[in-house]
Each structure stands twice: as structure tokens, then as C-alpha cells.
Amino acid sequence: MFSYCSDPSQLEGLVWMSCYLTSGTHLLFYASFGTVFLLLALTAPAALALGYAGALASRSQIAPLRWFGKIYTSMVRGIPDVLFFLFVPIALDQGLEWIRHQFLCDSDAPVRQGNDFVVCPAAKLPLSNAAEWVHNAYGLTLAVIAFSIVFGAFAANVLYGAMQAVPRAQLETAEAYGMTPRQVTRRVLVPQMWIYALPGLSNLWMILIKATPLLFILGIEDVVYWARELGGAKTSAFTYPHPDWRLYYFLALLVFYLLMTAVSERVLTRVTRRLSRGQATLGGEALGKEAAA
Amino acid sequence: MSCAQTIIDYGLRSIGIGERLLPRADYTLCQQFTLIGSGLIWNLYFAVLALAFGFVLANLLALGKASRNPWLNRPSDAFIFVFRGSPLFIQFFLAYELLVLLPRAGIEIFGFTVQTSWMTRAWAGALIVLILNTAAYSANIFHGALMSVPRGDVEAADAYGMTGWTRFRRVIWPSMMRLAWPSYTNEAIFLFHATTLVFFSGFPAFQQQGDALYYARYFADRTFNPFVAYPIAALYFVLATLALIWLFGRVNRRLNRHLPGTVRRLRYRPLLMR
């Protein structure tokens with residue numbers, strides 16, 4: 001990156017370090033932190049939306065929809081999230097390829113042949129001649145969907161609990177005014193549930209941050225992948241030979257995540273304080289007394 | 001090959017007893033059920049031992065955090081901050097890298113050679129990480145419970161002339177456990193599920209002896225079919241989780257037995273406090 005880096009074998013000490021830390025692969029390593037933020041930015045709203053739908057489904061009057069909602073929200077209690085992260089991307093990938101196989105291929109051969117999953121080249125996802133970034137983006141998309149499904153189920157639990165926590169009298173009053181069930185939900189239930197949902201959602205955000213390194217299991221070139229690649233011992237055949245430094249790379253990751261969670265905790269505490277203002281909860285009343293004193 | 005023979009061959013494969021070679025052809029349902037179930041031994045091993053040791057350590061940490069002595073509460077706070085604030089997955093990698101730094105030949109202490117190579121194996125190294133991790137989360141739960149022990153309980157103990165250790169052991173600690181138990185149950189479930197991470201992090205699966213998810217992935221990779229092996233593993237985990245909830249529910253009833261009518265059943269519903 002710097003002009004003096006052209007011959008690293010002549011360099012020493014801090015200068016060597018400055019060249020080492022700005023090498024091409026290191027820039028990819030830094031970019032992979034962007035992947036973490038991208039995953040968080042995409043998963044959080046998607047999970048919230050799925051959670052909202054799941055919570056409403058669990059309260060539905062229609063029995064099959066309610067059963068679906070209940071199963072969706074309770075599955076994460078018994079099954080480890082890692083299992084979903086392994087299962088969902090490959091299941092989705094095969095599902096999509098199977099659908100494309102039905103339309104794009106003119107062969108009648110079954111998709112499953114013994115221990116192989118065979119579709120014609122036209123049905124492959126992404127196509128084998130696609131650019132590398134398409135492959136990466138496809139992998140990341142599947143990962144985001146897997147994360148959203150798991151965290152959507154968690155969020156559905158939180159939101160369902162929050163909807164149950166809204167005082168019954170509020171909903172009955174709305175009904176007494178002649179509102180339909182839809183109107184009760186939209187005008188009374190949903191605006192009031194957020195303060196009850198906030199502690200659970202904050203916690204969920206922390207769990208989500210701490211789940212981001214699991215991208216590595218999904219085969220994405222994320223921070224863990226690069227920490228292992230770059231940290232491993234490099235012989236003199238490499239431009240920057242060094243012994244096994246993986247310990248330091250993982251220490252850096254540890255510090256990164258500690259910072260992420262510490263900052264999040266501060267922000268969430270402030271948001272909770274803000275939203276408690278004027279609410280008929282203990283937190284809200286405490287704030288009121290503080291202001292009066 | 002009959003199913004009974006498969007069970008004899010692979011039932012204890014995950015702990016190195018029985019057939020060495022994993023199945024390489026046909027991959028019958030019986031083989032998948034047997035091997036994945038065999039892997040569950042590791043998940044149970046990690047969960048039971050981590051919870052047992054972690055429970056003791058968590059109590060000490062919670063008391064340390066509540067202590068007024070800065071030499072006790074600062075280290076406890078720092079420990080809890082580090083282990084709760086960072087992902088378990090990174091902790092596994094970091095611990096593995098630390099443990100391989102130990103000298104291969106062992107450490108000389110007073111003329112004895114202490115072997116250290118076993119520390120890098122999953123059964124010891126990953127267990128240590130899990131113990132420390134669950135201790136941090138549980139300590140936070142226990143500290144919260146300790147802070148909300150009713151003042152009346154403590155005053156009643158004072159009125160009986162109880163002090164120090166007796167007061168703690170007979171009044172404060174039981175109340176603390178009673179208050180913490182629903183959250184602690186939740187933590188136990190999280191930890192049990194987190195044991196599936198062990199063989200996906202730095203720790204190698206020695207002679208292909210892995211946990212339930214390790215074998216599920218083995219089958220899914222070989223058969224290119226995720227729709228059989230993963231649901232089998234999921235089924236095992238749901239059953240084990242239900243058993244865990246039942247067991248913790250029994251303890252909860254016992255902790256609350258002096259308070260008729262206040263026992264809240266531990267329900268199969270995720271409390272999201274971790």
C-alpha cells in the first residue's frame with residue numbers, strides 16, 4: 001500500500017509491521033468486518049418482521065395458522081441454533097435448484113440419484129460461469145435467511161410475551177368502543193407492546209452480535225476465516241514470513257466483540273430510559289419521580 | 001447387516017468403542033439414528049460437567065461481585081464482562097490457541113513432570129471454556145437474585161440470632177437459588193445447545209469421535225441430503241431439552257416447597273435472558 005513496501009524482506013520493526021498490516025489480504029480481513037455489520041443490518045429488520053408475523057400468527061383465531069405460529073416460536077427452545085445454520089442454507093439451495101430443475105431442464109431424470117443431488121447445468125444456482133462475487137453474495141444471502149429464521153423465532157417469542165403483557169383492560173376498552181379485532185391490534189395493542197418487548201429485544205440484539213462469528217461454519221469468508229488464514233505460520237516462501245500468530249488475531253477479534261457488546265449495552269440502556277418516559281411501568285414512574293425531585 | 005448389529009457396532013462409536021470405520025455406503029436410517037445418538041453422549045458429557053463445575057464457580061463469582069472488597073469485586077466484574085461480552089465461538093478458538101502454546105513435553109514442577117498435551121483435546125480444553133462461560137452467565141443471574149433476596153428474610157434470620165456463614169447457608173442462599181432458578185434453567189438450555197459448537201471450532205474431533213451434530217453433518221455431507229440427518233439430530237435435542245426442563249422443574253418445586261401456591265411451573269417457552 002505504501003511506496004516503501006515494495007521489498008518487505010529489507011524492512012524491519014515498525015516499518016515492516018505497517019507494511020504487513022496493510023497488505024492485500026489484510027485489507028480483505030478488514031473488509032470482512034463489514035460483512036459482520038452487513039449481516040447485522042440485514043438480519044435485525046428481517047428477524048423483527050418475521051418475529052412480528054410469528055407473534056401475530058400465534059395469536060390468530062384461525063387454528064392452522066396458530067399451530068404454525070406456535071411450532072415456529074417453540075422450535076428454537078428445543079433445537080440448537082447451529083443446527084438451523086447448517087440445515088437452512090443447504091435445504092434452501094436444494095429446494096431452489098429443484099424448482100429450477102422442473103422448469104429449466106428437459107430431462108426426466110430424478111434429482112436424487114443414490115447419494116447425489118443432480119440438476120442440469122442450467123438449473124445450477126448460481127450458474128457455474130457466474131462471477132465470483134455472485135457466488136459470495138449467494139452464500140451470504142442464504143446465511144442471512146438462516147439467521148433471520150432463527151432470530152425471527154426468538155423475536156416472535158419476545159413479541160408474543162410483550163403482546164400478552166399489555167393490560168387486558170386496555171384491549172377491552174377498545175372493544176367497548178366498537179373496534180374490530182384488527183383495529184384493536186393496530187391501534188391499541190401494537191403501539192403499547194414495545195416497552196414490554198424492549199428488554200427482550202435488547203437481549204436478542206446482544207445474542208445476535210455474539211452469533212455473527214458462526215458465519216464461519218457456513219463457509220463464508222468472515223472474520224474468523226481471515227483470522228485463521230492470516231494468523232497461521234508463514235514460511236519464508238511468503239512475502240511476510242512469521243510464526244503462528246493466530247492467538248493475537250483471535251485476541252483482536254475478542255476485543256472487537258467486547259467493544260461491540262459494550263457500546264450496544266450503553267445505547268440500549270439509553271433507549272430503554274427514553275421509551276420508559278411517561279409509561280405506566282415501574283421504570284416510567286421512577287423517571288417521573290426523578291424529574292419531580 | 002441388521003439394525004441390532006449396527007447398534008452394537010456404532011452405539012458407543014463416539015467414545016471410541018466398537019467399529020473404527022464410519023459407514024461409507026448405503027447410510028441406512030438405522031445407522032444415522034445410531035451414530036447421531038451416539039454423538040449425543042458428548043453433548044451430555046459437556047453439558048453435565050460444565051453445569052456442575054460452572055454452578056460452583058458461579059456462586060463464588062456472584063458473591064465476589066456482591067462483595068464490597070475491591071480486590072474481590074473488580075476481578076469478578078472483569079471476568080463476567082469478558083465471558084459474557086464475547087462470543088463463545090471466539091472463546092473456543094482463543095482457548096485452543098492458548099492451550100497449544102503449552103510445552104509439548106509437559107511442565108516441570110518440583111521434579112515432577114506435569115503432562116499438558118491432554119489439555120488441547122476437546123474433552124478437557126472445550127470443557128474448561130464451557131465451564132468458564134456458563135459460570136459468567138450464571139454468576140450474573142445469581143448476583144441479580146442475591147440482590148433481590150427479600151429484606152424480611154434476612155431480618156428474620158437476624159432475629160433468630162443467625163450470623164455469617166449460618167445465615168448465608170440457611171437463609172440467603174436458598175432464597176437466592178429460588179429466585180434465580182427460572183433464569184438458571186434457561187441458561188442451562190442455552191449451554192446444552194452451545195455444546196454443539198465444540199467440534200466446529202478449533203478443537204479437532206480425535207479419530208472422528210464427535211458430537212451429535214458432527215455426525216449429522218457427516219451424513220448430510222455424504223448423502224447430499226440434509227432432510228434426514230438434521231431432523232434426526234433435532235429430534236434428539238428436543239427430547240433431551242424436554243428431559244432437562246423436567247429435571248430443573250423438579251428442583252424448582254423443591255426450592256419453592258415452603259411457599260405453597262407460588263410455584264410457577266417452568267414452561268417450555270423461551271425466556272430470552274442470557
# chains A, B, ... in the order shown; residues from 1 in each chain; ligands from 1
call {"tool": "residues_around", "arguments": {"residues": "Asp221 in chain B", "least_positions_apart": "6", "cutoff": "12 Å", "atoms": "only C-alpha atoms", "output": "tab-separated table (two decimals) with C-alpha atoms, in the first residue's frame"}}
result
chain	number	residue	atom	x	y	z
A	86	LEU	CA	-26.23	-25.89	8.92
A	87	PHE	CA	-29.61	-27.05	7.70
A	90	ILE	CA	-28.30	-26.31	2.10
A	115	ASN	CA	-26.15	-40.25	-2.80
A	116	ASP	CA	-26.00	-37.46	-5.36
A	117	PHE	CA	-28.11	-34.42	-5.98
B	24	ARG	CA	-19.14	-45.45	3.77
B	27	TYR	CA	-26.16	-44.90	5.03
B	213	LEU	CA	-24.16	-32.52	15.12
B	214	TYR	CA	-20.72	-33.66	13.95
B	215	TYR	CA	-22.18	-36.98	12.81
B	227	PHE	CA	-33.56	-33.64	5.18
B	228	VAL	CA	-32.79	-36.85	7.08
B	229	ALA	CA	-29.74	-36.43	9.31
B	230	TYR	CA	-30.53	-32.94	10.66
call {"tool": "select_by_dssp", "arguments": {"residues": "range 8-165 of chain A", "states": "strand (DSSP E or B)", "output": "PyMOL selection string"}}
result
chain A and resi 112-113+116-117
call {"tool": "residues_around", "arguments": {"residues": "Ser107 in chain A", "least_positions_apart": "3", "cutoff": "12 Å", "atoms": "only C-alpha atoms", "output": "list in words"}}
result
His101, Gln102, Phe103, Leu104, Pro110, Val111, Val118, Val119, Cys120, Pro121, Ala122 and Ala123 of chain A
call {"tool": "interface_residues", "arguments": {"of": "chain B", "to": "chain A", "cutoff": "8 Å", "atoms": "only C-alpha atoms", "output": "PyMOL selection string"}}
result
chain B and resi 82+85-91+93-94+97-98+189+193-194+196-197+200+213+217+222-227+230+234-235+237-239+241-242+268-274
call {"tool": "select_by_dssp", "arguments": {"residues": "range 166-200 of chain A", "states": "helix (DSSP H, G or I)", "output": "count of residues only"}}
result
29
call {"tool": "atom_distance", "arguments": {"atom1": "CA of Val190 in chain A", "atom2": "CA of Ala55 in chain A"}}
result
11.2 Å
call {"tool": "residues_around", "arguments": {"residues": "range 162-171 of chain B", "least_positions_apart": "2", "cutoff": "12 Å", "atoms": "only C-alpha atoms", "output": "ChimeraX atom specification"}}
result
/B:63,146,149-160,173-178
call {"tool": "write_last_selection", "arguments": {"atoms": "N, CA and C atoms", "output": "compact mmCIF listing (two decimals), in the first residue's frame"}}
result
# COMPACT_ATOMS: atom_id res chain seq x y z
N LEU B 63 -20.87 -14.01 44.65
CA LEU B 63 -20.53 -13.44 45.95
C LEU B 63 -19.41 -12.43 45.81
N LEU B 146 -29.36 -12.53 44.20
CA LEU B 146 -28.86 -12.19 45.54
C LEU B 146 -29.29 -10.78 45.93
N VAL B 149 -33.01 -10.77 47.15
CA VAL B 149 -33.47 -11.56 48.29
C VAL B 149 -34.26 -10.63 49.20
N PRO B 150 -35.50 -11.01 49.59
CA PRO B 150 -36.34 -10.09 50.39
C PRO B 150 -35.64 -9.71 51.69
N ARG B 151 -35.72 -8.40 52.01
CA ARG B 151 -35.12 -7.90 53.23
C ARG B 151 -35.69 -8.62 54.46
N GLY B 152 -36.99 -8.93 54.41
CA GLY B 152 -37.63 -9.61 55.53
C GLY B 152 -36.97 -10.93 55.88
N ASP B 153 -36.55 -11.68 54.85
CA ASP B 153 -35.89 -12.97 55.08
C ASP B 153 -34.64 -12.77 55.93
N VAL B 154 -33.86 -11.75 55.54
CA VAL B 154 -32.60 -11.51 56.22
C VAL B 154 -32.85 -11.02 57.65
N GLU B 155 -33.85 -10.15 57.80
CA GLU B 155 -34.17 -9.65 59.14
C GLU B 155 -34.65 -10.78 60.04
N ALA B 156 -35.44 -11.71 59.48
CA ALA B 156 -35.91 -12.84 60.28
C ALA B 156 -34.72 -13.67 60.76
N ALA B 157 -33.73 -13.86 59.87
CA ALA B 157 -32.55 -14.62 60.26
C ALA B 157 -31.81 -13.91 61.39
N ASP B 158 -31.71 -12.57 61.27
CA ASP B 158 -31.06 -11.79 62.33
C ASP B 158 -31.80 -11.99 63.66
N ALA B 159 -33.13 -11.98 63.60
CA ALA B 159 -33.93 -12.10 64.81
C ALA B 159 -33.69 -13.44 65.50
N TYR B 160 -33.39 -14.46 64.70
CA TYR B 160 -33.08 -15.76 65.28
C TYR B 160 -31.64 -15.83 65.78
N TRP B 173 -28.81 -18.09 50.87
CA TRP B 173 -28.52 -18.90 49.69
C TRP B 173 -29.77 -19.62 49.16
N PRO B 174 -30.58 -20.25 50.03
CA PRO B 174 -31.80 -20.89 49.49
C PRO B 174 -32.74 -19.90 48.80
N SER B 175 -32.86 -18.68 49.36
CA SER B 175 -33.72 -17.69 48.71
C SER B 175 -33.16 -17.29 47.36
N MET B 176 -31.84 -17.11 47.34
CA MET B 176 -31.18 -16.72 46.10
C MET B 176 -31.42 -17.78 45.02
N MET B 177 -31.26 -19.05 45.37
CA MET B 177 -31.47 -20.12 44.40
C MET B 177 -32.91 -20.13 43.91
N ARG B 178 -33.83 -19.96 44.85
CA ARG B 178 -35.25 -19.99 44.49
C ARG B 178 -35.57 -18.90 43.47
call {"tool": "closest_residue", "arguments": {"among": "B:Ala66, B:Gly210, B:Val251, B:Leu102", "to": "Gly16 in chain B", "atoms": "only C-alpha atoms"}}
result
B:Gly210
call {"tool": "atom_distance", "arguments": {"atom1": "CA of Gly13 in chain A", "atom2": "CA of Pro241 in chain A"}}
result
13.3 Å
call {"tool": "residues_around", "arguments": {"residues": "range 49-57 of chain B", "least_positions_apart": "5", "cutoff": "6 Å", "atoms": "only C-alpha atoms", "output": "short mmCIF file (atom, residue, chain, number, x, y, z; two decimals) with C-alpha atoms, in the first residue's frame"}}
result
data_model
loop_
_atom_site.label_atom_id
_atom_site.label_comp_id
_atom_site.auth_asym_id
_atom_site.auth_seq_id
_atom_site.Cartn_x
_atom_site.Cartn_y
_atom_site.Cartn_z
CA LEU B 130 -17.69 -24.11 28.69
CA ILE B 131 -17.24 -24.09 32.48
CA THR B 134 -21.51 -20.74 31.88
CA ALA B 135 -20.02 -19.59 35.18
#
call {"tool": "residues_around", "arguments": {"residues": "Trp194 in chain A", "least_positions_apart": "3", "cutoff": "9 Å", "atoms": "only C-alpha atoms", "output": "PDB file with N, CA and C atoms, in the first residue's frame"}}
result
ATOM      1  N   LEU A 159     -41.996 -10.841  21.249  1.00  0.00           N
ATOM      2  CA  LEU A 159     -43.143 -10.004  20.901  1.00  0.00           C
ATOM      3  C   LEU A 159     -44.454 -10.635  21.391  1.00  0.00           C
ATOM      4  N   ALA A 162     -44.687  -9.807  24.908  1.00  0.00           N
ATOM      5  CA  ALA A 162     -44.996  -8.393  25.081  1.00  0.00           C
ATOM      6  C   ALA A 162     -46.470  -8.129  24.812  1.00  0.00           C
ATOM      7  N   MET A 163     -47.037  -8.821  23.801  1.00  0.00           N
ATOM      8  CA  MET A 163     -48.464  -8.624  23.499  1.00  0.00           C
ATOM      9  C   MET A 163     -49.324  -9.128  24.650  1.00  0.00           C
ATOM     10  N   VAL A 190     -50.463  -2.931  19.406  1.00  0.00           N
ATOM     11  CA  VAL A 190     -49.109  -2.763  18.867  1.00  0.00           C
ATOM     12  C   VAL A 190     -48.396  -1.509  19.410  1.00  0.00           C
ATOM     13  N   PRO A 191     -49.062  -0.348  19.465  1.00  0.00           N
ATOM     14  CA  PRO A 191     -48.336   0.819  19.991  1.00  0.00           C
ATOM     15  C   PRO A 191     -47.884   0.640  21.432  1.00  0.00           C
ATOM     16  N   ALA A 197     -41.568  -5.166  25.149  1.00  0.00           N
ATOM     17  CA  ALA A 197     -40.711  -6.015  24.317  1.00  0.00           C
ATOM     18  C   ALA A 197     -39.253  -5.597  24.394  1.00  0.00           C
ATOM     19  N   LEU A 198     -39.026  -4.337  24.813  1.00  0.00           N
ATOM     20  CA  LEU A 198     -37.671  -3.798  24.696  1.00  0.00           C
ATOM     21  C   LEU A 198     -36.579  -4.587  25.439  1.00  0.00           C
ATOM     22  N   LEU A 275     -37.678   5.389  26.271  1.00  0.00           N
ATOM     23  CA  LEU A 275     -39.011   4.852  25.988  1.00  0.00           C
ATOM     24  C   LEU A 275     -39.836   4.660  27.247  1.00  0.00           C
TER      25      LEU A 275
END
call {"tool": "decode", "arguments": {"residues": "range 220-250 of chain A", "atoms": "N, CA and C atoms", "output": "mmCIF file, in the first residue's frame"}}
result
data_model
loop_
_atom_site.group_PDB
_atom_site.id
_atom_site.type_symbol
_atom_site.label_atom_id
_atom_site.label_comp_id
_atom_site.auth_asym_id
_atom_site.auth_seq_id
_atom_site.Cartn_x
_atom_site.Cartn_y
_atom_site.Cartn_z
ATOM 1 N N ILE A 220 -18.543 -18.951 4.883
ATOM 2 C CA ILE A 220 -18.389 -17.573 4.407
ATOM 3 C C ILE A 220 -16.994 -17.091 4.824
ATOM 4 N N GLU A 221 -16.366 -16.287 3.985
ATOM 5 C CA GLU A 221 -15.035 -15.772 4.337
ATOM 6 C C GLU A 221 -15.200 -14.594 5.275
ATOM 7 N N ASP A 222 -15.437 -14.900 6.535
ATOM 8 C CA ASP A 222 -15.725 -13.853 7.513
ATOM 9 C C ASP A 222 -14.501 -13.605 8.377
ATOM 10 N N VAL A 223 -14.681 -12.883 9.482
ATOM 11 C CA VAL A 223 -13.545 -12.501 10.319
ATOM 12 C C VAL A 223 -12.786 -13.711 10.861
ATOM 13 N N VAL A 224 -13.510 -14.756 11.241
ATOM 14 C CA VAL A 224 -12.845 -15.942 11.792
ATOM 15 C C VAL A 224 -11.991 -16.622 10.722
ATOM 16 N N TYR A 225 -12.555 -16.714 9.509
ATOM 17 C CA TYR A 225 -11.824 -17.317 8.389
ATOM 18 C C TYR A 225 -10.505 -16.586 8.166
ATOM 19 N N TRP A 226 -10.560 -15.247 8.103
ATOM 20 C CA TRP A 226 -9.348 -14.482 7.822
ATOM 21 C C TRP A 226 -8.375 -14.525 8.993
ATOM 22 N N ALA A 227 -8.894 -14.553 10.218
ATOM 23 C CA ALA A 227 -8.006 -14.638 11.377
ATOM 24 C C ALA A 227 -7.206 -15.931 11.334
ATOM 25 N N ARG A 228 -7.862 -17.020 10.909
ATOM 26 C CA ARG A 228 -7.150 -18.298 10.816
ATOM 27 C C ARG A 228 -6.169 -18.298 9.661
ATOM 28 N N GLU A 229 -6.607 -17.741 8.520
ATOM 29 C CA GLU A 229 -5.742 -17.700 7.340
ATOM 30 C C GLU A 229 -4.481 -16.884 7.602
ATOM 31 N N LEU A 230 -4.700 -15.652 8.087
ATOM 32 C CA LEU A 230 -3.588 -14.718 8.229
ATOM 33 C C LEU A 230 -2.704 -15.080 9.402
ATOM 34 N N GLY A 231 -3.321 -15.658 10.474
ATOM 35 C CA GLY A 231 -2.554 -15.925 11.680
ATOM 36 C C GLY A 231 -1.642 -17.132 11.556
ATOM 37 N N GLY A 232 -2.018 -18.084 10.698
ATOM 38 C CA GLY A 232 -1.242 -19.312 10.582
ATOM 39 C C GLY A 232 0.212 -19.021 10.216
ATOM 40 N N ALA A 233 1.113 -19.903 10.647
ATOM 41 C CA ALA A 233 2.548 -19.680 10.410
ATOM 42 C C ALA A 233 2.831 -19.549 8.917
ATOM 43 N N LYS A 234 3.674 -18.574 8.543
ATOM 44 C CA LYS A 234 4.036 -18.369 7.137
ATOM 45 C C LYS A 234 5.536 -18.633 6.985
ATOM 46 N N THR A 235 5.878 -19.520 6.043
ATOM 47 C CA THR A 235 7.298 -19.811 5.803
ATOM 48 C C THR A 235 7.925 -18.677 4.997
ATOM 49 N N SER A 236 9.223 -18.789 4.748
ATOM 50 C CA SER A 236 9.919 -17.706 4.039
ATOM 51 C C SER A 236 9.502 -17.631 2.571
ATOM 52 N N ALA A 237 8.696 -18.622 2.106
ATOM 53 C CA ALA A 237 8.186 -18.543 0.743
ATOM 54 C C ALA A 237 7.201 -17.385 0.609
ATOM 55 N N PHE A 238 6.635 -16.944 1.731
ATOM 56 C CA PHE A 238 5.667 -15.848 1.693
ATOM 57 C C PHE A 238 6.398 -14.502 1.734
ATOM 58 N N THR A 239 5.652 -13.453 1.333
ATOM 59 C CA THR A 239 6.248 -12.120 1.349
ATOM 60 C C THR A 239 6.531 -11.669 2.777
ATOM 61 N N TYR A 240 5.611 -12.019 3.672
ATOM 62 C CA TYR A 240 5.782 -11.606 5.066
ATOM 63 C C TYR A 240 5.846 -12.841 5.955
ATOM 64 N N PRO A 241 7.011 -13.493 6.073
ATOM 65 C CA PRO A 241 7.078 -14.702 6.903
ATOM 66 C C PRO A 241 6.923 -14.360 8.388
ATOM 67 N N HIS A 242 6.202 -15.202 9.098
ATOM 68 C CA HIS A 242 6.076 -15.010 10.555
ATOM 69 C C HIS A 242 5.646 -16.327 11.183
ATOM 70 N N PRO A 243 5.906 -16.509 12.478
ATOM 71 C CA PRO A 243 5.454 -17.735 13.149
ATOM 72 C C PRO A 243 3.933 -17.708 13.347
ATOM 73 N N ASP A 244 3.410 -18.700 14.063
ATOM 74 C CA ASP A 244 1.962 -18.805 14.284
ATOM 75 C C ASP A 244 1.468 -17.645 15.148
ATOM 76 N N TRP A 245 0.683 -16.758 14.547
ATOM 77 C CA TRP A 245 0.174 -15.592 15.273
ATOM 78 C C TRP A 245 -1.329 -15.639 15.475
ATOM 79 N N ARG A 246 -1.910 -16.836 15.325
ATOM 80 C CA ARG A 246 -3.377 -16.899 15.400
ATOM 81 C C ARG A 246 -3.889 -16.393 16.741
ATOM 82 N N LEU A 247 -3.117 -16.631 17.804
ATOM 83 C CA LEU A 247 -3.540 -16.188 19.132
ATOM 84 C C LEU A 247 -3.825 -14.689 19.139
ATOM 85 N N TYR A 248 -2.918 -13.911 18.498
ATOM 86 C CA TYR A 248 -3.083 -12.453 18.508
ATOM 87 C C TYR A 248 -4.281 -12.033 17.668
ATOM 88 N N TYR A 249 -4.488 -12.753 16.544
ATOM 89 C CA TYR A 249 -5.639 -12.409 15.697
ATOM 90 C C TYR A 249 -6.940 -12.665 16.450
ATOM 91 N N PHE A 250 -7.001 -13.801 17.168
ATOM 92 C CA PHE A 250 -8.231 -14.076 17.900
ATOM 93 C C PHE A 250 -8.400 -13.129 19.079
#
